[in-house]
Structures are given as C-alpha cells and as structure tokens.
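To start, the structure itself, in structure tokens.
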Amino acid sequence: MTQMTFGPVFTEEGILFRLWAPLHESVSLKIEGADPRPMQKVGDGWHHCTVADGSVGTRYRFVLPDGLEIPDPASRFQPQDVHGPSEVVDLSFCRWKTSDWIGRPWEEMVIYEMHIGCFTSEGTFKAAIERLDHLQALGVTALQIMPLSEFPGRYSWGYDGVLPYAPDSSYGRPEDFMALVDAAHQRGISVFLDVVYNHFGPDGNYIPAYAPLFTDHHKTPWGNGINYDGDGSEMIREFIIENAIYWITEFRLDGFRFDAVHAIKDDSAEHLLHALAHRVRAAAGDRHVHLIVENEENDSDLLQRDENGEVKLFTAQWNDDVHHVLHITATGETFGYYADYADYAGDAGKLGRALAEGFVFQGEHMPYRGASRGRPSGHLPPTAFISFIQNHDQIGNRALGDRVLASSPADVVKAVAAIYLLAPEIPMLFMGEEWGATEPFPFFCDFDEDLNEKVRKGRREELSRLPGFDADDLLDPTAPSTFAAAKLDWSKLASSEVLGFYRTLLDLRHRRIVPLLKGAGAGNAVYRSAGSALAVDWTLAQNRRLHLHANLGAEAAPLVSQRSDGETIFRLGGSDGGNLVPWTVIWSISEA
C-alpha cells in the first residue's frame, strides 16, 4: 500500500489506522466483531491506532465521542455502501501485465466517455473489459470514466460521491478496476477518471462531524465551499491532492477530467488547481499524464503553454462552445443557452470561430448568463480543446435525457461527425454514439425518500429555463426504471448504419491528422463563412496546412474560397457549379 497520509497502512507491528479529526479530543477504532478501542492522539488533530492482528479484509469504523460510527474518509473499499464499514485492501498484490506502460502523447487521443453502470447490462468493471476490443477496433485511444467515488444507493451519475478513495462497490472491487485499467493499457488505450473536487454529495459525508471540511467564506451551487484556504485547510488540500496522486500511482491512470473547476474557490497564494497539477505531474514521473478541465467560465489561463509549446498546468478543456454550435447546426434547436450560439440567417461564423480559436465567447456578453463569458483563446493550439457532439451533461440536461442527434437525418449526423472527428481539436465520443445508440442518458440517483424528493424538485428548478422540465410526466431521476433505460443495448451494434463511417473517420484521423498535431503552431487558424458555408484553415506541423470546406445547411451554398487546397483526404457530399451541395464536408492538406 502506498505510504500516504490518509487511510490504513501496513507496518511491522500490524495495521496502523489513522484519522484526522481535529474537532475531537478522542476517537475510537471499532474492528468488526470486536469492542471499540481508544485511538492515541498524536498531535495536529491526528488519532492513531495499531492493530497487530489486522489483515487484508478487516472491516472497521471510527467512533466519535457522541457514539457516531463513521467510515474512513480515505476508505479504499466500502462493501456495504457509504454508511457501512470500510475494508482494508492491499493493492500491492496487483501483478500488472503492462508494467512498462508510459501512456500515449496527447495528440493521439480519441476519447470515449463512459458510465460504468450503463456501459454494459452488468454495469461492472469486469463486464467493461469484454467491450474493450470493440473500442480498440473503433480507434479509441482513451477511456474517460465518469466519477467512481463511493456514492450512496444503487446507482448514480457519480457526482454525489462522498468517499473519493473508494471506487463504488456496485461496480466491483478496487482490484477489478485495476484489471480494467490493465486491460485497456494492453490494447493501447489510456484511462482518465472524472473526479469531483468542488463539492461532496449530500448523503454519507461524515467529514464535517470531525474536521473543518467546509467554509462559509465561499459559496457554490451545492452550498458552502470546500475549505481550501481557511483554518485547517492545509490538511483538506492534502486530502484532495493525495487522492489524485493515489489514482495515478496505485491504479496507473493516465489523467483526469476535473469537474466544474470554476466552482473550486480558493484564495490561497497557490490555488488548489495549480498545486494539484504540479504534484500530480511530479508523481507521474516520465509517464504521459493529461489533465482536462470542465470550466464554465472558459478561463483560458488554465490552458497556457510555455515558450516551447509545452503544457504548464492543464492539457485541455471540454469545449461546450463547439458542441453548442454543432448541435444547433444538426437539430435547429435554439432554446435556452443554445440561443446565444445561433447565427443569424444560417451563418456558420460561430462554428468557424469555435473551430479556429476555441471559444465562441472570449469575453463578450452572453445574454443567457446575463454577464460576460470567457477569455481570449485564439492564441492556444487546437489540441487545448476537446470537441464532442454528445456528452453526459448535454444529453442529461434534456428533460427526457434523449439523444436528439441520433434521430437526426443520416446525412446531417455524418456531416457533423466528419467535422469534429477530423478537426485538429481532440475528439470525444459518448458511449454508444459510434453506432447511433438511441438509449437516453437522463440524470439518475438513489437517495432516501427525503433527498429523492429534493432532487426531483431541484432538477425542475435548476433546469426550468429549458423545455420539458415543467411537464407532469417528467422522468423521475430516482426511479430504477430511469437508470435501467440508460443502459446501452449492445445487440443493436450489428445493425448500425454509422459504425463503419465512424471507424473510417477515426482511421483517417490517426493516419493523416494526428501526425500533424505534435508541435503544431498556435494562434494561426483562420476561418471564413457565408451563410451555411464555412472554410477553416489551420497551419500544423511538418509545414502542412489543413483545410476544411463545408456546407452545413439544407440548401446549396457557394464556396467561401475558390482556391485549390492541395490533396483531398475526405469528401462527403460535393460541389455543383461552384456551389457546395447540402451537408458537404471536404478536408484537404497542402503545403503551408
């Protein structure tokens, strides 16, 4: 077991159990089947107890002075959910088949977002292994797994986790997760984990009962902020940073997607995000580790490169702006926040800006927010942005959790896919997208009835500005049927009409686009648009220029540029008398 500050550790005398509980003078340790025994107060809020006869599989709790029995906040496994005992595990027994794995360079990434519970009918780590060959053949080079931290109940999106060191027991044991990572690495697939460091879930978080986890100095959408900069914050920060290091070192993960970093409030001299990025990269050593942010503020400062083009802090950001303009193009929907991304008269200018510069809003006023959004991003390389046409949020934020793109006309779906899968930004698919899966992905969770009712009400209020959330027959996010409906139906894979198209695009990407991304210049892309016609040019590596000509509309549109753009590497649709026919996408490469 890695010698970390939190959680049990094996010593020559036995197993040392540790709890940081500065709000109490005394704490007891209760081993299952035995009477509680007092822990020794060792200073700085720490309580220790060594158990000579402890072993792997020992189940234990801590007991506070008022009799409250709590799990270890750094529990490695919770076999009986968040309120049950913690179990001692020893992950050093893992025999990695890919011990020499060092990861893959960022420019090679084709990311596949997945929810373990819905990816297969079984919903386990072991079952996911059986589908890795499909992903390898598709051209996927990285899994991005939705949060795994132990959450209350039978099912959850994962963003209500409360024990960040323990993969949820409904998916299997920690050793099973390690086996999934090892199996992915055997197939050349990196593994990223979505982690939530901006809040804890509402059920099963006992830390405030014995440590200063929260502060009223900062507010978040979930209540008081996590105490990253007040009294006692040093240990809170260490708890979170070591958690990231734990996943990187013990499970040999290749990176993270950090949820809603704009909600991580910290006035310290060194922001938690900066400290975390530095520490994680140091712990990874020579391995390729990639750090992705979700950032509603579109703060490009987190994505800065040094004078050699190397990442300083975070590798890339989920780019919702690309999603929004592509979604409007494919569906015509302009409600809610989509309205701010709709171009008048079908002009493709906002899509052009997103492809060429990253963010659509780079400090301009955004009406839906009622405030400005974003910072300049055109100086960054395209690989600082992750593009997608589906993800868990953009599907789940719909009242029915429906994959509206899957019901769009085939020529529209193919055109949109050909844009984002061949563009020099890093592409991300959502599970099942590659075969046109129509299963919904609505929000789901499983609390007690009081919290369940609060969730039902809260979802209606939070998303009331979007259509459908005032309906009488709105999906119940806490119902077992809602979770069951989100599971992929793999039997539909064989009859897919788009799977071969996706494979062709990703094969082309790996052969022709990826070699031009390493060392590609930044801030040199340009775009031109007229109506639904669009042209974008990127200067990339090897003295090559990548060109896109597209007509993302239902009517013919004139070419924006008439000049020859070298070798055509992909064509969907075509031209007729100087006009691009509807839903045309043409990619070409020339010398710069």
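Ordering of the structure tokens sets the chain letters (A, B, ...), residue numbers begin anew at 1 in every chain, and ligands are numbered from 1 in the order given.
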Contacts between segment 210-233 of chain A and segment 21-74 of chain A, please, where a residue of segment 21-74 of chain A counts if it comes within 9 Å (with only C-alpha atoms); show its shortest atom pair and distance in Å to one decimal, rows by chain and ascending number, as JSON lines.
```
{"residue": "A:Ala21", "atom": "CA", "partner": "A:Tyr210", "partner_atom": "CA", "distance": 4.8}
{"residue": "A:Pro22", "atom": "CA", "partner": "A:Ala211", "partner_atom": "CA", "distance": 5.8}
{"residue": "A:Leu23", "atom": "CA", "partner": "A:Tyr210", "partner_atom": "CA", "distance": 5.0}
{"residue": "A:His24", "atom": "CA", "partner": "A:Tyr210", "partner_atom": "CA", "distance": 6.4}
{"residue": "A:Gly45", "atom": "CA", "partner": "A:Ala211", "partner_atom": "CA", "distance": 8.8}
{"residue": "A:Leu64", "atom": "CA", "partner": "A:Tyr210", "partner_atom": "CA", "distance": 8.0}
```
At most 10 Å is the cut-off: for each residue in segment 37-111 of chain A with any atom that close to an atom of segment 289-297 of chain A, write down the nearest atom pair and the distance in Å rounded to one decimal, counting only C-alpha atoms, chain first then increasing number, as JSON lines.
```
{"residue": "A:Ile102", "atom": "CA", "partner": "A:Val289", "partner_atom": "CA", "distance": 8.8}
{"residue": "A:Gly103", "atom": "CA", "partner": "A:Val289", "partner_atom": "CA", "distance": 7.2}
{"residue": "A:Arg104", "atom": "CA", "partner": "A:Val289", "partner_atom": "CA", "distance": 8.4}
{"residue": "A:Pro105", "atom": "CA", "partner": "A:Val289", "partner_atom": "CA", "distance": 8.6}
{"residue": "A:Trp106", "atom": "CA", "partner": "A:His290", "partner_atom": "CA", "distance": 7.0}
```
Mind writing the picked residues with all heavy atoms as an mmCIF file, in the first residue's frame?
```
data_model
loop_
_atom_site.group_PDB
_atom_site.id
_atom_site.type_symbol
_atom_site.label_atom_id
_atom_site.label_comp_id
_atom_site.auth_asym_id
_atom_site.auth_seq_id
_atom_site.Cartn_x
_atom_site.Cartn_y
_atom_site.Cartn_z
ATOM 1 N N ILE A 102 3.734 3.628 -20.420
ATOM 2 C CA ILE A 102 4.045 5.015 -20.071
ATOM 3 C C ILE A 102 2.996 5.986 -20.612
ATOM 4 O O ILE A 102 3.139 7.197 -20.488
ATOM 5 C CB ILE A 102 5.437 5.434 -20.571
ATOM 6 C CG1 ILE A 102 5.507 5.368 -22.094
ATOM 7 C CG2 ILE A 102 6.516 4.599 -19.917
ATOM 8 C CD1 ILE A 102 6.753 6.024 -22.675
ATOM 9 N N GLY A 103 1.936 5.439 -21.213
ATOM 10 C CA GLY A 103 0.881 6.295 -21.720
ATOM 11 C C GLY A 103 1.072 6.656 -23.182
ATOM 12 O O GLY A 103 1.985 6.176 -23.857
ATOM 13 N N ARG A 104 0.200 7.543 -23.654
ATOM 14 C CA ARG A 104 0.246 7.980 -25.047
ATOM 15 C C ARG A 104 0.315 9.493 -25.108
ATOM 16 O O ARG A 104 -0.269 10.193 -24.256
ATOM 17 C CB ARG A 104 -0.993 7.498 -25.801
ATOM 18 C CG ARG A 104 -1.165 6.002 -25.837
ATOM 19 C CD ARG A 104 -2.310 5.584 -26.735
ATOM 20 N NE ARG A 104 -2.031 5.881 -28.148
ATOM 21 C CZ ARG A 104 -2.419 5.120 -29.155
ATOM 22 N NH1 ARG A 104 -3.094 3.997 -28.919
ATOM 23 N NH2 ARG A 104 -2.149 5.448 -30.412
ATOM 24 N N PRO A 105 1.008 10.046 -26.102
ATOM 25 C CA PRO A 105 1.044 11.501 -26.267
ATOM 26 C C PRO A 105 -0.365 12.053 -26.479
ATOM 27 O O PRO A 105 -1.241 11.378 -27.033
ATOM 28 C CB PRO A 105 1.916 11.696 -27.509
ATOM 29 C CG PRO A 105 2.709 10.443 -27.632
ATOM 30 C CD PRO A 105 1.835 9.356 -27.119
ATOM 31 N N TRP A 106 -0.562 13.290 -26.064
ATOM 32 C CA TRP A 106 -1.893 13.898 -26.095
ATOM 33 C C TRP A 106 -2.476 13.974 -27.500
ATOM 34 O O TRP A 106 -3.674 13.771 -27.697
ATOM 35 C CB TRP A 106 -1.824 15.282 -25.470
ATOM 36 C CG TRP A 106 -3.126 16.016 -25.475
ATOM 37 C CD1 TRP A 106 -3.425 17.172 -26.122
ATOM 38 C CD2 TRP A 106 -4.331 15.641 -24.786
ATOM 39 N NE1 TRP A 106 -4.732 17.544 -25.886
ATOM 40 C CE2 TRP A 106 -5.305 16.625 -25.074
ATOM 41 C CE3 TRP A 106 -4.683 14.562 -23.964
ATOM 42 C CZ2 TRP A 106 -6.603 16.560 -24.563
ATOM 43 C CZ3 TRP A 106 -5.971 14.497 -23.452
ATOM 44 C CH2 TRP A 106 -6.914 15.493 -23.757
#
```
May I have the residues within 9 Å of Ala592 of chain A as a PyMOL selection string, using only C-alpha atoms and disregarding those fewer than 3 positions away in the same chain?
chain A and resi 539-540+542-546
For the selection just defined, write its residues with C-alpha atoms to a file, as a CSV table (one decimal), in the first residue's frame.
```csv
chain,number,residue,atom,x,y,z
A,539,THR,CA,-1.2,25.6,-40.0
A,540,LEU,CA,0.0,22.4,-38.4
A,542,GLN,CA,5.6,19.3,-40.9
A,543,ASN,CA,4.9,22.5,-42.9
A,544,ARG,CA,1.4,21.4,-43.6
A,545,ARG,CA,-1.9,23.3,-43.8
A,546,LEU,CA,-5.2,21.6,-43.0
```
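Of note, atom CA of Asp321 of chain A and atom CA of Ala423 of chain A are spaced 14.6 Å apart.
Note that atom CA of Trp96 of chain A and atom CA of Val181 of chain A are 9.5 Å apart.
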Neighbours of Leu405 of chain A within 9 Å (only C-alpha atoms; same-chain residues fewer than 5 positions away dropped), as a PyMOL selection string?
chain A and resi 327+330-331+389-390+412-413+436+438
For the selection you just gave me, I'd like the residues written to a file as a tab-separated table (two decimals), in the first residue's frame, keeping C-alpha atoms.
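Result written to selection_35.tsv:
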```tsv
chain	number	residue	atom	x	y	z
A	327	HIS	CA	-25.91	20.90	-32.01
A	330	ALA	CA	-27.75	19.44	-36.63
A	331	THR	CA	-31.05	19.95	-34.80
A	389	ILE	CA	-21.41	16.26	-30.15
A	390	GLN	CA	-22.61	14.18	-27.20
A	412	VAL	CA	-26.69	15.54	-41.04
A	413	VAL	CA	-25.22	13.15	-38.47
A	436	GLY	CA	-26.12	5.59	-33.30
A	438	THR	CA	-30.80	5.82	-29.09
```
